[in-house]
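Peer 1: Questions regarding the structure given below will be posed in turn.
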Amino acid sequence: MTNLSSFRRLLGGIAGLAVITALLSGVAAETAGAGPGYQEPTKGDCRTLSLKQFRARSSSSAPVACTSTHTAQTIYVGKLPGRLSWRSPRGRVTDAIETRCAKAWRKAVGGTAKKRARSAFALATFEPTKAQKRKGARWFRCDAGLLRGTSMTPLTTTRAPLLMTPTPYDQARCMTSSERITTCDAAHAFKATHTFKVKGKRYPGKPRVKRLAKQGCKTRVATAAFRFEWPSRVEWAERNRLVVCFSSDVLAVGSDTTKPVVKALTSPPSLLPTTSDFVINGSATDNVAVSTLLARVTNDAGRFLQDNLTTFSTTANDLPITVTGLGTPNASYNLNTGKRAAGAYTVVVQAADAAGNLATRQTPVTVTNPSSGGGVVYQMNEGPGATTMIDTGGSNLHGAISPTAAAHGLTSGVGFQGATGYLWAFRSPTEPPAEPERVIQVPDNSILDAGSDVFTIEIRYRTNNSFGNIMQKGQATSAGGQWKIQAPGGRPSCLFKDGAGNRSTVRSSIDLSDTGQWATLRCVRDASYVTMYINGVRNGRNSASNVGTINNNAPLTIGGKRNCDQIEVTCDYFSGSIDYVTLTHS
């Protein structure tokens, strides 16, 4: 049982983190001129620090390449506020530095306060040395690192957020039998499993807060033996009232010399079409216990897939795979990286045990383009009360309709001028609350993406209203781009945007909300243009030569946006009728 360091009082609920203040020497390869920025370090620098160096009052460690092994990353560099000097009262200086570093630390590590509290990430703050201060230096440096008992855990990524989801064992917070914080892939006796806030406005005193922490953890953990960390008086004053509960979770390190075995990947196969998701799954075994499972993907240019699963770069990166069974002799893993462009890829999976034995399995995967063609046809002639929008085009990509859609203004089986379709009753496109029940969704599939093919969208619709997103795949922030049809001012427009943000838009010269009659809108995107046709007549054309592949992981939505709240992001609901929708590749 241990009290949380008082240095954490400004971390806004980051319980269980060690905030270490140290002095820095030798921070720059070149000497700058005297002044506030004298030998100032750089945000983004990486260093290989031991635990002693991480906690020492001085360190001469120079930056290393972030692609090499490193245990600390500089997440922020700031200047001492003008009202303070290094001779100001120590508490005021420390508070000023830690306040700024804590804010940067929360952003760099990511996650919620409770999730950070159950990680082994720690924050270190560094000041100039006495010699550097005499030269006028006023900077301070903030580093993030992972505690590992009597050492530090190497960082496997430099991208924010550092904390992966779900939290892997080599980032999770555990405790040794001697009550040292460590990552859970190392030998440990307890694991952080629960967090809760102690209630009350006034600090109840150390004996009582310990008692409350103990009682609270006792009712939350399922093991007879447990440990806990509680907030100090200073932390309480800063509204950090989190208690961290540690359940018994023993992972011992002995004379184990046997490597784990990474079994053959269940997926992906050696040949994969661009229309299928690039899924990585399989299992690993060990004679004692598998403590870590990591995956990497490289493309034919040798670049690594980053943990946002959309970009490749030269930075080696471990992907956030979902792992079950860590700490046991058999563990399994799974990761869906989405659809990948045609090309050659290599999947590398690594498994380690607590003794540090490492096994690697490498699998080549070739993604190929299927033959052109294919599409979907939504005739939208289902009867009243339909809960499925049927695809009659042969792709079987059916759409989901909420069982309560009618109560929110979406009705199927509505006839008008000889056609049967869906009717969206009038609804303000921007007024709260959000009504996701109005939106039809079709799960992501490459057939619904514009890709790099000639892609045609055709829709027959009618409306008396001059607003609304009629249909779209992806939103403005979707990785991989988007396409959509909307009707601002009653004049429909077709937008195509690739993953790099290059876009092409064509807007009708005709206001189709004037008559409220059926109109057929067709948008064709090819390698050179986006062309719009209204009732079979070309209405407009714009260049699309700069628009690349459009391929996102979002569903197709009809009737409005999916990710919206009508407060910060409007849903742009459509009001009107749709007779049919077709999407085709050629």
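Residue names in the structure tokens use chain letters A, B, ... in the order shown, residue numbers from 1 in each chain, and ligand numbers from 1 in the order shown.
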Name the residues in contact with stretch 415-432 of chain A at a cut-off of 7 Å, using only C-alpha atoms, excluding same-chain residues fewer than 5 positions from it; report them as a ChimeraX atom specification.
Peer 2: /A:380-381,409-410,468,566-567,570-579
Peer 1: What does the file look like for those residues with C-alpha atoms, as a compact mmCIF listing (two decimals), in the first residue's frame?
Peer 2:
# COMPACT_ATOMS: atom_id res chain seq x y z
CA MET A 380 -36.51 0.79 -51.82
CA ASN A 381 -39.90 -0.77 -52.53
CA GLY A 409 -40.05 10.35 -39.28
CA LEU A 410 -38.71 7.61 -41.60
CA GLY A 468 -29.97 18.01 -46.25
CA GLN A 566 -26.78 18.46 -33.42
CA ILE A 567 -24.68 20.57 -31.03
CA THR A 570 -24.94 18.92 -37.19
CA CYS A 571 -26.66 15.86 -38.66
CA ASP A 572 -27.93 17.64 -41.81
CA TYR A 573 -31.02 15.44 -41.96
CA PHE A 574 -32.76 14.95 -45.31
CA SER A 575 -36.48 15.63 -45.60
CA GLY A 576 -38.18 14.21 -48.68
CA SER A 577 -38.63 10.92 -50.55
CA ILE A 578 -36.27 8.50 -52.32
CA ASP A 579 -37.47 6.02 -54.96
Peer 1: I need the residues of stretch 450-541 of chain A that end up classed as strand (DSSP E) by DSSP on the backbone, written out as a PyMOL selection string.
Peer 2: chain A and resi 455-462+469-473+481-486+493-498+503-507+519-525+529-534+537-541
Peer 1: For the selection you just gave me, I'd like the residues written to a file as a short mmCIF file (atom, residue, chain, number, x, y, z; two decimals), in the first residue's frame, keeping N, CA and C atoms.
Peer 2:
data_model
loop_
_atom_site.label_atom_id
_atom_site.label_comp_id
_atom_site.auth_asym_id
_atom_site.auth_seq_id
_atom_site.Cartn_x
_atom_site.Cartn_y
_atom_site.Cartn_z
N PHE A 455 -16.87 5.39 -61.08
CA PHE A 455 -17.88 5.14 -60.05
C PHE A 455 -19.09 6.00 -60.33
N THR A 456 -20.28 5.36 -60.36
CA THR A 456 -21.51 6.06 -60.69
C THR A 456 -22.52 5.94 -59.55
N ILE A 457 -23.06 7.08 -59.15
CA ILE A 457 -24.12 7.14 -58.15
C ILE A 457 -25.37 7.64 -58.87
N GLU A 458 -26.47 6.89 -58.72
CA GLU A 458 -27.73 7.35 -59.30
C GLU A 458 -28.81 7.26 -58.24
N ILE A 459 -29.62 8.32 -58.15
CA ILE A 459 -30.67 8.39 -57.14
C ILE A 459 -31.87 9.10 -57.73
N ARG A 460 -33.05 8.56 -57.45
CA ARG A 460 -34.29 9.23 -57.84
C ARG A 460 -34.96 9.70 -56.55
N TYR A 461 -35.14 11.02 -56.47
CA TYR A 461 -35.64 11.56 -55.22
C TYR A 461 -36.52 12.77 -55.47
N ARG A 462 -37.20 13.20 -54.41
CA ARG A 462 -38.02 14.41 -54.48
C ARG A 462 -38.00 15.07 -53.11
N ASN A 469 -28.21 16.36 -46.21
CA ASN A 469 -27.30 15.38 -46.80
C ASN A 469 -28.15 14.18 -47.20
N ILE A 470 -28.27 13.94 -48.48
CA ILE A 470 -29.14 12.86 -48.94
C ILE A 470 -28.49 11.51 -48.68
N MET A 471 -27.24 11.37 -49.05
CA MET A 471 -26.52 10.12 -48.81
C MET A 471 -25.03 10.39 -48.86
N GLN A 472 -24.28 9.54 -48.17
CA GLN A 472 -22.84 9.73 -48.16
C GLN A 472 -22.14 8.50 -47.60
N LYS A 473 -20.88 8.37 -47.92
CA LYS A 473 -20.03 7.35 -47.31
C LYS A 473 -18.80 8.06 -46.80
N GLY A 481 -10.96 9.48 -47.05
CA GLY A 481 -11.78 10.31 -47.91
C GLY A 481 -13.27 10.06 -47.75
N GLN A 482 -14.05 10.61 -48.66
CA GLN A 482 -15.50 10.48 -48.61
C GLN A 482 -16.11 10.81 -49.96
N TRP A 483 -17.35 10.38 -50.16
CA TRP A 483 -18.20 10.92 -51.22
C TRP A 483 -19.57 11.18 -50.63
N LYS A 484 -20.27 12.16 -51.18
CA LYS A 484 -21.61 12.45 -50.67
C LYS A 484 -22.42 13.22 -51.70
N ILE A 485 -23.75 13.12 -51.52
CA ILE A 485 -24.70 13.92 -52.28
C ILE A 485 -25.52 14.72 -51.28
N GLN A 486 -25.54 16.02 -51.46
CA GLN A 486 -26.28 16.89 -50.56
C GLN A 486 -27.03 17.92 -51.40
N SER A 493 -25.54 18.61 -55.02
CA SER A 493 -24.12 18.61 -55.39
C SER A 493 -23.55 17.24 -55.10
N CYS A 494 -22.53 16.88 -55.87
CA CYS A 494 -21.81 15.61 -55.70
C CYS A 494 -20.38 15.94 -55.34
N LEU A 495 -19.91 15.39 -54.24
CA LEU A 495 -18.55 15.65 -53.77
C LEU A 495 -17.78 14.34 -53.70
N PHE A 496 -16.53 14.37 -54.18
CA PHE A 496 -15.61 13.25 -54.06
C PHE A 496 -14.30 13.78 -53.48
N LYS A 497 -13.85 13.19 -52.39
CA LYS A 497 -12.61 13.63 -51.73
C LYS A 497 -11.78 12.41 -51.36
N ASP A 498 -10.48 12.46 -51.73
CA ASP A 498 -9.63 11.32 -51.40
C ASP A 498 -9.02 11.49 -50.01
N ARG A 503 -10.15 17.17 -53.62
CA ARG A 503 -11.58 17.02 -53.83
C ARG A 503 -12.03 17.58 -55.16
N SER A 504 -13.20 17.12 -55.56
CA SER A 504 -13.86 17.66 -56.75
C SER A 504 -15.37 17.67 -56.47
N THR A 505 -16.01 18.80 -56.75
CA THR A 505 -17.44 18.95 -56.47
C THR A 505 -18.14 19.52 -57.70
N VAL A 506 -19.31 18.98 -58.00
CA VAL A 506 -20.17 19.53 -59.05
C VAL A 506 -21.51 19.86 -58.42
N ARG A 507 -22.01 21.08 -58.65
CA ARG A 507 -23.30 21.49 -58.09
C ARG A 507 -24.27 21.84 -59.20
N ALA A 519 -37.02 13.52 -59.45
CA ALA A 519 -35.90 13.88 -60.33
C ALA A 519 -34.84 12.80 -60.21
N THR A 520 -34.22 12.48 -61.32
CA THR A 520 -33.15 11.48 -61.32
C THR A 520 -31.81 12.19 -61.41
N LEU A 521 -30.99 11.97 -60.41
CA LEU A 521 -29.66 12.59 -60.33
C LEU A 521 -28.61 11.50 -60.51
N ARG A 522 -27.68 11.71 -61.42
CA ARG A 522 -26.59 10.75 -61.63
C ARG A 522 -25.26 11.49 -61.61
N CYS A 523 -24.33 11.00 -60.78
CA CYS A 523 -22.98 11.56 -60.68
C CYS A 523 -21.99 10.48 -61.09
N VAL A 524 -21.08 10.83 -61.99
CA VAL A 524 -20.08 9.88 -62.48
C VAL A 524 -18.71 10.44 -62.19
N ARG A 525 -17.91 9.67 -61.49
CA ARG A 525 -16.52 10.08 -61.22
C ARG A 525 -15.59 9.12 -61.98
N TYR A 529 -12.81 13.47 -64.58
CA TYR A 529 -13.89 14.40 -64.25
C TYR A 529 -14.88 13.82 -63.25
N VAL A 530 -15.62 14.74 -62.64
CA VAL A 530 -16.89 14.41 -61.99
C VAL A 530 -17.96 15.09 -62.83
N THR A 531 -18.92 14.29 -63.32
CA THR A 531 -19.95 14.80 -64.21
C THR A 531 -21.32 14.55 -63.59
N MET A 532 -22.19 15.54 -63.65
CA MET A 532 -23.54 15.43 -63.11
C MET A 532 -24.57 15.44 -64.23
N TYR A 533 -25.54 14.51 -64.09
CA TYR A 533 -26.66 14.45 -65.02
C TYR A 533 -27.95 14.58 -64.23
N ILE A 534 -28.90 15.38 -64.72
CA ILE A 534 -30.21 15.51 -64.10
C ILE A 534 -31.25 15.13 -65.13
N VAL A 537 -29.82 14.57 -68.58
CA VAL A 537 -29.17 15.68 -69.27
C VAL A 537 -27.97 16.14 -68.45
N ARG A 538 -26.80 16.27 -69.11
CA ARG A 538 -25.62 16.73 -68.39
C ARG A 538 -25.83 18.16 -67.89
N ASN A 539 -25.58 18.35 -66.57
CA ASN A 539 -25.82 19.65 -65.96
C ASN A 539 -24.52 20.34 -65.55
N GLY A 540 -23.46 19.59 -65.35
CA GLY A 540 -22.20 20.20 -64.95
C GLY A 540 -21.06 19.20 -64.93
N ARG A 541 -19.83 19.73 -64.98
CA ARG A 541 -18.63 18.88 -64.96
C ARG A 541 -17.48 19.67 -64.36
#
Peer 1: Pick from A:Thr219, A:Leu309, A:Cys101, A:Gln517: nearest to A:Lys79, with only C-alpha atoms counted?
Peer 2: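 When distances to A:Lys79 are compared using only C-alpha atoms, the smallest one comes from A:Cys101.
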